[in-house]
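Working notes, structure below.
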Amino acid sequence: MFFKRSFQGVFGLLLVVIALTQIVSQRANNMLAIILIMGTSYVVYTQLKKIEWFWSQKCQKIVTAVLIAFNILMLLYVSLNFQINDVSDPLNVQIKATELLHGNYNWHTNINGSEEYFYFYPNVVFYTIFLSKIMSLGGTFGLSIQLTLRLMTFLFLAGITVFAMLTSWQLNKNRKSLLITALILAVYPVMYLYPNMVTYTDTLTMFLTTVVLYLIAVVISTRSYNTWFAVGGAILLVYAVLYAVKPNMIVLLPAVLILLLMAVVMKMKNKVQIIVVSASLALGIVVSTVTITPITQHYGFDQTQAKKTELPVTHWINMGLNPVGSNGAGAYDLNDDNNARQSIIDNNPQLIKQSIKYRLKTLGIGGIWKLALDKAQMLLGTPLFGFGKYMTGYAKAPTFYIKHQSMLNALFSIMATTVILIIVTKLFVANIKLTDDSNAINQTKVAFIYLVGIASIGLAIFHTVLWEVEPRYFLPLLYPMILLVAITFDDENKPLHMAKQYDRKISITIPVVTTIILILTLEANRNYPSVAFGNMEYPARVNILQTVNLRSTFSFKLNAPQDIDVLKVNIQPQDGLQVTLKDGTPLLPQNNQYVIEKHFTGDRPIEVKLQNTGKGQKSIILYQKTNLFKTLFHGTSITDNGNKYYLPYEMDVYDRKTFQTWNYQSGIPNNK
């Protein structure tokens, strides 16, 4: 009973924290819309409960099939029609994977070896090799690398849908559970965005985690020895790859071991199955550890150099204790990163430990508590869990989306928070009512709930207390946790009655008011400008940013994807440097860049000139063309010393013009 109550208490607390952080992440007008949508959802559900034919097996099958089809087709549409300009880590691994494909096994990031990205971060080496193999596989079918990666992403995300549905059926054998699972997958917008648009480890990790949990569900729900060991072997192999791609998913092993202890103490009937799962996960880590080194060495990665260069565990703990990190409290910080690298180069890693001691002393008990809450807000309170983190403009997106992305992002954020709040509320009630009876199906469900709950608690504590944090780190267990609501869905069909005199009025009024408030909320978000296109700030560590001497004039032609209202040239203003349009209209220095607010139509290119009006040469920073499989930069280029360079710029869209200031001169209003 102690273990059960402890789990219920801690898991309930996690659910409360998720709900609170999601609420805090929304503005008041968004929350009003969210509350009304939740109310409308309840009204719709109560009305559906009264319709007997809707809950017939035939209707449930049809609705479930439609929801799954919608989910799969949306994933495919987004995969093929949306592409973010991947930056930072995703860009690094794609460049290196392309080089591996062409036989370049040199893992130094640039030519002179001054930046050792993969030797500082060897955890992405295996994924990079995996990505190159996917590229090669696509080539055998005559597919371009870009299309191959898009289809890879789609297949992984579609695989999450398939295995989530299989897990729901395996544990509940309930068609209503399948319907609820399909509904969540269809309406929850997270998978359509960040995991779909960014080619990085997170999408593969989400897929592999879903597969592992499905295989675990198969083992703990069957009594066949042959099935145990056959599926246990599959768990071993899949988990070995998962651990190689995302080491923090080691959290599944201690979660299963805690579950085993609970099974013994609470005399659960599936103790032997849990032992098989524990052994499979442990052997998966062993296999992964033993095999990864020869694989990476085969592709030219020097493990000896990696051991001398890679950043120690203390570095990530130190960053996690930084309350004023450049990317948020406890998140990645460039200064911490550079200092840690230098301490390794200087063979003085104890400086990192000294920083940890200093930060602990400075923070104190209260500061550590506040830091943990701030990190929890980032990990659990981001509605789209990573969307926008790496987004620096679109390489490809439909015009309607680019034009209205501020409004659409607000809609997706509202949808994500609404779904999470509804699910957390249901899970909180189900957690309180958690029972352990002799029914085999119920015992299996309870064991699975314990497993996912313990793993989620462990991952949350790991990143909010011990390690650095990013919103995407919770993605692997986000879907398994929210899908627990389908597993706990009962098979009862008792009608929910409201007072007769209010029944019809409420059923009509709440949805109408919700629609009006939602439209007003989205209209309010149209005022915010959104990045439409451009060459944003790519990281210097992949040697893309280059200093170029401006002797006289450089001219660039930029294509607007549609009508835009603001053009920004991201070059540091300096005396003697003029940035103008073709007709001589100047861009004015503003916030360390050159800016002009002017309406440009999307049917004609915009010509921008950089002119050196002073004496001598001016040094400016441009983007150098890279030998990559996809178009990385937009607009025309200039050639200097045999190299092609592109302009750093952004185009912003205003769906509605901002308020104007009126200045009166001689009694006549002048709009400026």
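Just so we're on the same page: first chain in the structure tokens is A, next is B, and so on; residues restart at 1 for each chain, and ligands are numbered from 1 in the order they show up.
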
Original post:
Do you know which residues are at most 10 Å from Pro195 (chain A) counting only C-alpha atoms, after dropping those on the same chain fewer than 2 positions away, and could you put them as a VMD selection string?
Top reply: chain A and resid 79 153 to 154 156 to 157 190 to 193 197 to 204 206 385 to 387 472 475

Any chance you could export the current selection's N, CA, C and O atoms as a PDB file, in the first residue's frame?
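The result, stored in result29.pdb:
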```
ATOM      1  N   SER A  79       4.743  16.752 -43.710  1.00  0.00           N
ATOM      2  CA  SER A  79       6.084  16.274 -44.055  1.00  0.00           C
ATOM      3  C   SER A  79       6.506  16.736 -45.444  1.00  0.00           C
ATOM      4  O   SER A  79       7.664  17.103 -45.649  1.00  0.00           O
ATOM      5  N   THR A 153      10.768  10.929 -41.764  1.00  0.00           N
ATOM      6  CA  THR A 153      10.055  11.577 -40.663  1.00  0.00           C
ATOM      7  C   THR A 153       8.598  11.144 -40.629  1.00  0.00           C
ATOM      8  O   THR A 153       8.054  10.820 -39.569  1.00  0.00           O
ATOM      9  N   PHE A 154       7.973  11.129 -41.794  1.00  0.00           N
ATOM     10  CA  PHE A 154       6.562  10.712 -41.863  1.00  0.00           C
ATOM     11  C   PHE A 154       6.383   9.283 -41.365  1.00  0.00           C
ATOM     12  O   PHE A 154       5.464   8.994 -40.589  1.00  0.00           O
ATOM     13  N   PHE A 156       8.221   7.506 -39.321  1.00  0.00           N
ATOM     14  CA  PHE A 156       8.415   7.406 -37.870  1.00  0.00           C
ATOM     15  C   PHE A 156       7.188   7.911 -37.120  1.00  0.00           C
ATOM     16  O   PHE A 156       6.727   7.289 -36.154  1.00  0.00           O
ATOM     17  N   LEU A 157       6.652   9.060 -37.555  1.00  0.00           N
ATOM     18  CA  LEU A 157       5.493   9.619 -36.866  1.00  0.00           C
ATOM     19  C   LEU A 157       4.247   8.775 -37.103  1.00  0.00           C
ATOM     20  O   LEU A 157       3.432   8.588 -36.193  1.00  0.00           O
ATOM     21  N   VAL A 190       1.064  18.604 -31.599  1.00  0.00           N
ATOM     22  CA  VAL A 190       2.509  18.607 -31.370  1.00  0.00           C
ATOM     23  C   VAL A 190       3.259  17.834 -32.451  1.00  0.00           C
ATOM     24  O   VAL A 190       4.257  18.294 -32.997  1.00  0.00           O
ATOM     25  N   MET A 191       2.797  16.620 -32.781  1.00  0.00           N
ATOM     26  CA  MET A 191       3.519  15.800 -33.764  1.00  0.00           C
ATOM     27  C   MET A 191       3.500  16.413 -35.152  1.00  0.00           C
ATOM     28  O   MET A 191       4.379  16.130 -35.963  1.00  0.00           O
ATOM     29  N   TYR A 192       2.509  17.226 -35.445  1.00  0.00           N
ATOM     30  CA  TYR A 192       2.448  17.833 -36.772  1.00  0.00           C
ATOM     31  C   TYR A 192       3.506  18.922 -36.946  1.00  0.00           C
ATOM     32  O   TYR A 192       3.798  19.298 -38.082  1.00  0.00           O
ATOM     33  N   LEU A 193       4.051  19.417 -35.853  1.00  0.00           N
ATOM     34  CA  LEU A 193       4.925  20.590 -35.916  1.00  0.00           C
ATOM     35  C   LEU A 193       6.396  20.235 -35.712  1.00  0.00           C
ATOM     36  O   LEU A 193       7.053  19.770 -36.635  1.00  0.00           O
ATOM     37  N   MET A 197       8.872  18.808 -38.634  1.00  0.00           N
ATOM     38  CA  MET A 197       9.588  19.793 -39.435  1.00  0.00           C
ATOM     39  C   MET A 197      11.095  19.785 -39.214  1.00  0.00           C
ATOM     40  O   MET A 197      11.846  20.262 -40.069  1.00  0.00           O
ATOM     41  N   VAL A 198      11.549  19.313 -38.072  1.00  0.00           N
ATOM     42  CA  VAL A 198      12.976  19.349 -37.745  1.00  0.00           C
ATOM     43  C   VAL A 198      13.550  17.938 -37.833  1.00  0.00           C
ATOM     44  O   VAL A 198      13.069  17.026 -37.161  1.00  0.00           O
ATOM     45  N   THR A 199      14.565  17.763 -38.649  1.00  0.00           N
ATOM     46  CA  THR A 199      15.194  16.449 -38.810  1.00  0.00           C
ATOM     47  C   THR A 199      16.259  16.281 -37.730  1.00  0.00           C
ATOM     48  O   THR A 199      17.404  16.719 -37.885  1.00  0.00           O
ATOM     49  N   TYR A 200      15.874  15.637 -36.638  1.00  0.00           N
ATOM     50  CA  TYR A 200      16.821  15.463 -35.532  1.00  0.00           C
ATOM     51  C   TYR A 200      16.432  14.225 -34.736  1.00  0.00           C
ATOM     52  O   TYR A 200      15.529  13.476 -35.110  1.00  0.00           O
ATOM     53  N   THR A 201      17.106  14.014 -33.616  1.00  0.00           N
ATOM     54  CA  THR A 201      16.980  12.775 -32.849  1.00  0.00           C
ATOM     55  C   THR A 201      15.608  12.590 -32.213  1.00  0.00           C
ATOM     56  O   THR A 201      15.214  11.455 -31.915  1.00  0.00           O
ATOM     57  N   ASP A 202      14.886  13.675 -31.992  1.00  0.00           N
ATOM     58  CA  ASP A 202      13.667  13.592 -31.192  1.00  0.00           C
ATOM     59  C   ASP A 202      12.587  12.732 -31.848  1.00  0.00           C
ATOM     60  O   ASP A 202      11.899  11.965 -31.177  1.00  0.00           O
ATOM     61  N   THR A 203      12.421  12.869 -33.164  1.00  0.00           N
ATOM     62  CA  THR A 203      11.394  12.094 -33.849  1.00  0.00           C
ATOM     63  C   THR A 203      11.685  10.599 -33.764  1.00  0.00           C
ATOM     64  O   THR A 203      10.797   9.796 -33.462  1.00  0.00           O
ATOM     65  N   LEU A 204      12.924  10.215 -34.026  1.00  0.00           N
ATOM     66  CA  LEU A 204      13.308   8.806 -33.923  1.00  0.00           C
ATOM     67  C   LEU A 204      13.163   8.308 -32.488  1.00  0.00           C
ATOM     68  O   LEU A 204      12.697   7.179 -32.259  1.00  0.00           O
ATOM     69  N   MET A 206      11.063   9.377 -30.176  1.00  0.00           N
ATOM     70  CA  MET A 206       9.635   9.209 -29.889  1.00  0.00           C
ATOM     71  C   MET A 206       9.124   7.884 -30.465  1.00  0.00           C
ATOM     72  O   MET A 206       8.378   7.155 -29.807  1.00  0.00           O
ATOM     73  N   PHE A 385       6.026  21.993 -27.086  1.00  0.00           N
ATOM     74  CA  PHE A 385       7.159  21.157 -26.712  1.00  0.00           C
ATOM     75  C   PHE A 385       8.292  21.168 -27.741  1.00  0.00           C
ATOM     76  O   PHE A 385       8.667  20.146 -28.293  1.00  0.00           O
ATOM     77  N   GLY A 386       8.839  22.360 -27.978  1.00  0.00           N
ATOM     78  CA  GLY A 386      10.018  22.454 -28.834  1.00  0.00           C
ATOM     79  C   GLY A 386       9.778  23.184 -30.132  1.00  0.00           C
ATOM     80  O   GLY A 386      10.724  23.601 -30.796  1.00  0.00           O
ATOM     81  N   PHE A 387       8.514  23.355 -30.541  1.00  0.00           N
ATOM     82  CA  PHE A 387       8.252  24.055 -31.787  1.00  0.00           C
ATOM     83  C   PHE A 387       8.733  25.496 -31.673  1.00  0.00           C
ATOM     84  O   PHE A 387       8.391  26.204 -30.761  1.00  0.00           O
ATOM     85  N   ARG A 472      11.840  19.944 -25.638  1.00  0.00           N
ATOM     86  CA  ARG A 472      11.754  18.713 -26.422  1.00  0.00           C
ATOM     87  C   ARG A 472      12.193  17.473 -25.646  1.00  0.00           C
ATOM     88  O   ARG A 472      11.903  16.355 -26.059  1.00  0.00           O
ATOM     89  N   LEU A 475       9.427  15.021 -24.828  1.00  0.00           N
ATOM     90  CA  LEU A 475       8.629  14.476 -25.930  1.00  0.00           C
ATOM     91  C   LEU A 475       8.530  12.950 -25.938  1.00  0.00           C
ATOM     92  O   LEU A 475       7.443  12.416 -26.197  1.00  0.00           O
TER      93      LEU A 475
END
```

Subject >> Two-atom distance - CA of Phe400 (chain A), CA of Leu147 (chain A) (Å) >> reply: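 Interatomic distance, CA of Phe400 (chain A) to CA of Leu147 (chain A): 22.3 Å.
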
I'd like the contact shell of Asn322 (chain A) - 10 Å cut-off, only C-alpha atoms, skipping same-chain residues fewer than 6 positions apart - returned as a short mmCIF file (atom, residue, chain, number, x, y, z; two decimals) with all heavy atoms, in the first residue's frame.
```cif
data_model
loop_
_atom_site.label_atom_id
_atom_site.label_comp_id
_atom_site.auth_asym_id
_atom_site.auth_seq_id
_atom_site.Cartn_x
_atom_site.Cartn_y
_atom_site.Cartn_z
N GLY A 328 17.42 30.50 -21.43
CA GLY A 328 16.46 30.28 -20.36
C GLY A 328 17.12 29.64 -19.15
O GLY A 328 18.25 29.15 -19.21
N ALA A 329 16.41 29.65 -18.03
CA ALA A 329 16.94 29.10 -16.78
C ALA A 329 17.24 27.62 -16.92
O ALA A 329 16.38 26.83 -17.28
CB ALA A 329 15.94 29.32 -15.64
N GLY A 330 18.50 27.25 -16.65
CA GLY A 330 18.90 25.85 -16.69
C GLY A 330 19.04 25.27 -18.07
O GLY A 330 19.25 24.06 -18.22
N ALA A 331 18.94 26.11 -19.11
CA ALA A 331 19.01 25.63 -20.49
C ALA A 331 20.42 25.82 -21.03
O ALA A 331 21.32 26.32 -20.34
CB ALA A 331 18.00 26.35 -21.36
N TYR A 332 20.61 25.43 -22.29
CA TYR A 332 21.91 25.58 -22.94
C TYR A 332 22.37 27.03 -22.88
O TYR A 332 21.61 27.96 -23.16
CB TYR A 332 21.83 25.12 -24.40
CG TYR A 332 23.12 25.35 -25.17
CD1 TYR A 332 24.12 24.39 -25.15
CD2 TYR A 332 23.31 26.52 -25.89
CE1 TYR A 332 25.31 24.60 -25.84
CE2 TYR A 332 24.49 26.74 -26.58
CZ TYR A 332 25.49 25.77 -26.56
OH TYR A 332 26.66 25.99 -27.24
N ASP A 333 23.62 27.23 -22.52
CA ASP A 333 24.19 28.56 -22.43
C ASP A 333 25.55 28.57 -23.14
O ASP A 333 26.41 27.73 -22.86
CB ASP A 333 24.37 28.99 -20.97
CG ASP A 333 24.92 30.40 -20.85
OD1 ASP A 333 24.15 31.35 -21.07
OD2 ASP A 333 26.12 30.54 -20.57
N ASP A 336 28.68 29.07 -20.80
CA ASP A 336 29.00 27.84 -20.07
C ASP A 336 29.65 26.82 -21.00
O ASP A 336 30.61 26.14 -20.62
CB ASP A 336 27.73 27.24 -19.46
CG ASP A 336 27.30 27.96 -18.19
OD1 ASP A 336 28.10 28.75 -17.66
OD2 ASP A 336 26.17 27.74 -17.75
N SER A 355 32.57 25.73 -10.44
CA SER A 355 31.41 26.52 -10.83
C SER A 355 30.13 25.95 -10.22
O SER A 355 29.26 26.70 -9.78
CB SER A 355 31.30 26.56 -12.36
OG SER A 355 30.15 27.27 -12.75
N ILE A 356 30.04 24.62 -10.19
CA ILE A 356 28.87 23.97 -9.58
C ILE A 356 28.77 24.34 -8.11
O ILE A 356 27.69 24.71 -7.61
CB ILE A 356 28.94 22.45 -9.75
CG1 ILE A 356 28.78 22.06 -11.22
CG2 ILE A 356 27.88 21.75 -8.91
CD1 ILE A 356 28.97 20.59 -11.50
N ARG A 359 27.66 27.96 -7.74
CA ARG A 359 26.25 28.18 -8.07
C ARG A 359 25.33 27.62 -6.99
O ARG A 359 24.31 28.24 -6.66
CB ARG A 359 25.93 27.57 -9.44
CG ARG A 359 26.52 28.38 -10.57
CD ARG A 359 26.29 27.81 -11.94
NE ARG A 359 26.83 28.73 -12.95
CZ ARG A 359 26.83 28.51 -14.25
NH1 ARG A 359 26.31 27.39 -14.73
NH2 ARG A 359 27.35 29.40 -15.08
N LEU A 360 25.66 26.47 -6.45
CA LEU A 360 24.86 25.91 -5.36
C LEU A 360 24.86 26.83 -4.14
O LEU A 360 23.83 27.06 -3.51
CB LEU A 360 25.38 24.52 -4.99
CG LEU A 360 25.09 23.38 -5.97
CD1 LEU A 360 25.84 22.12 -5.57
CD2 LEU A 360 23.59 23.11 -6.06
N LEU A 363 22.89 30.10 -5.08
CA LEU A 363 21.45 29.89 -5.20
C LEU A 363 20.79 29.68 -3.85
O LEU A 363 19.74 30.25 -3.54
CB LEU A 363 21.16 28.69 -6.11
CG LEU A 363 21.37 28.88 -7.61
CD1 LEU A 363 21.32 27.54 -8.32
CD2 LEU A 363 20.31 29.82 -8.19
N LEU A 371 14.64 27.74 -9.25
CA LEU A 371 15.24 27.28 -10.50
C LEU A 371 14.54 26.01 -10.99
O LEU A 371 14.27 25.87 -12.19
CB LEU A 371 16.73 27.01 -10.30
CG LEU A 371 17.50 26.50 -11.52
CD1 LEU A 371 17.45 27.51 -12.66
CD2 LEU A 371 18.95 26.20 -11.14
N GLU A 468 20.61 19.86 -17.58
CA GLU A 468 20.09 20.99 -18.37
C GLU A 468 18.73 20.62 -18.94
O GLU A 468 18.33 19.46 -18.94
CB GLU A 468 21.07 21.34 -19.50
CG GLU A 468 21.30 20.24 -20.49
CD GLU A 468 21.17 20.70 -21.93
OE1 GLU A 468 20.99 21.88 -22.20
OE2 GLU A 468 21.23 19.83 -22.80
#
```

Subject >> Nearest residue to Val124 (chain A) from the set A:Thr296, A:Met38, A:Val66, A:Arg223 (distances using only C-alpha atoms) >> reply: A:Thr296

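Of the residues under consideration (A:Ile345, A:Leu384, A:Ile285, A:Val265), A:Leu384 shows the shortest atom-to-atom contact distance to Ser25 (chain A) when counting only C-alpha atoms.
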
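Taking CA of Ala460 (chain A) and CA of Leu14 (chain A) as the two end points, the separation is 8.3 Å.
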
Subject >> Those in region 50-160 of chain A with helix (DSSP H, G or I) from DSSP, as a PyMOL selection string >> reply: chain A and resi 52-55+57-81+88-101+117-120+122-140+145-160

Subject >> Among the residues A:Ala33, A:Leu260, A:Val548, A:Ile216, the one that comes closest to Gln624 (chain A) [using only C-alpha atoms] >> reply: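 Of A:Ala33, A:Leu260, A:Val548, A:Ile216, the one nearest Gln624 (chain A) is A:Val548, counting only C-alpha atoms.
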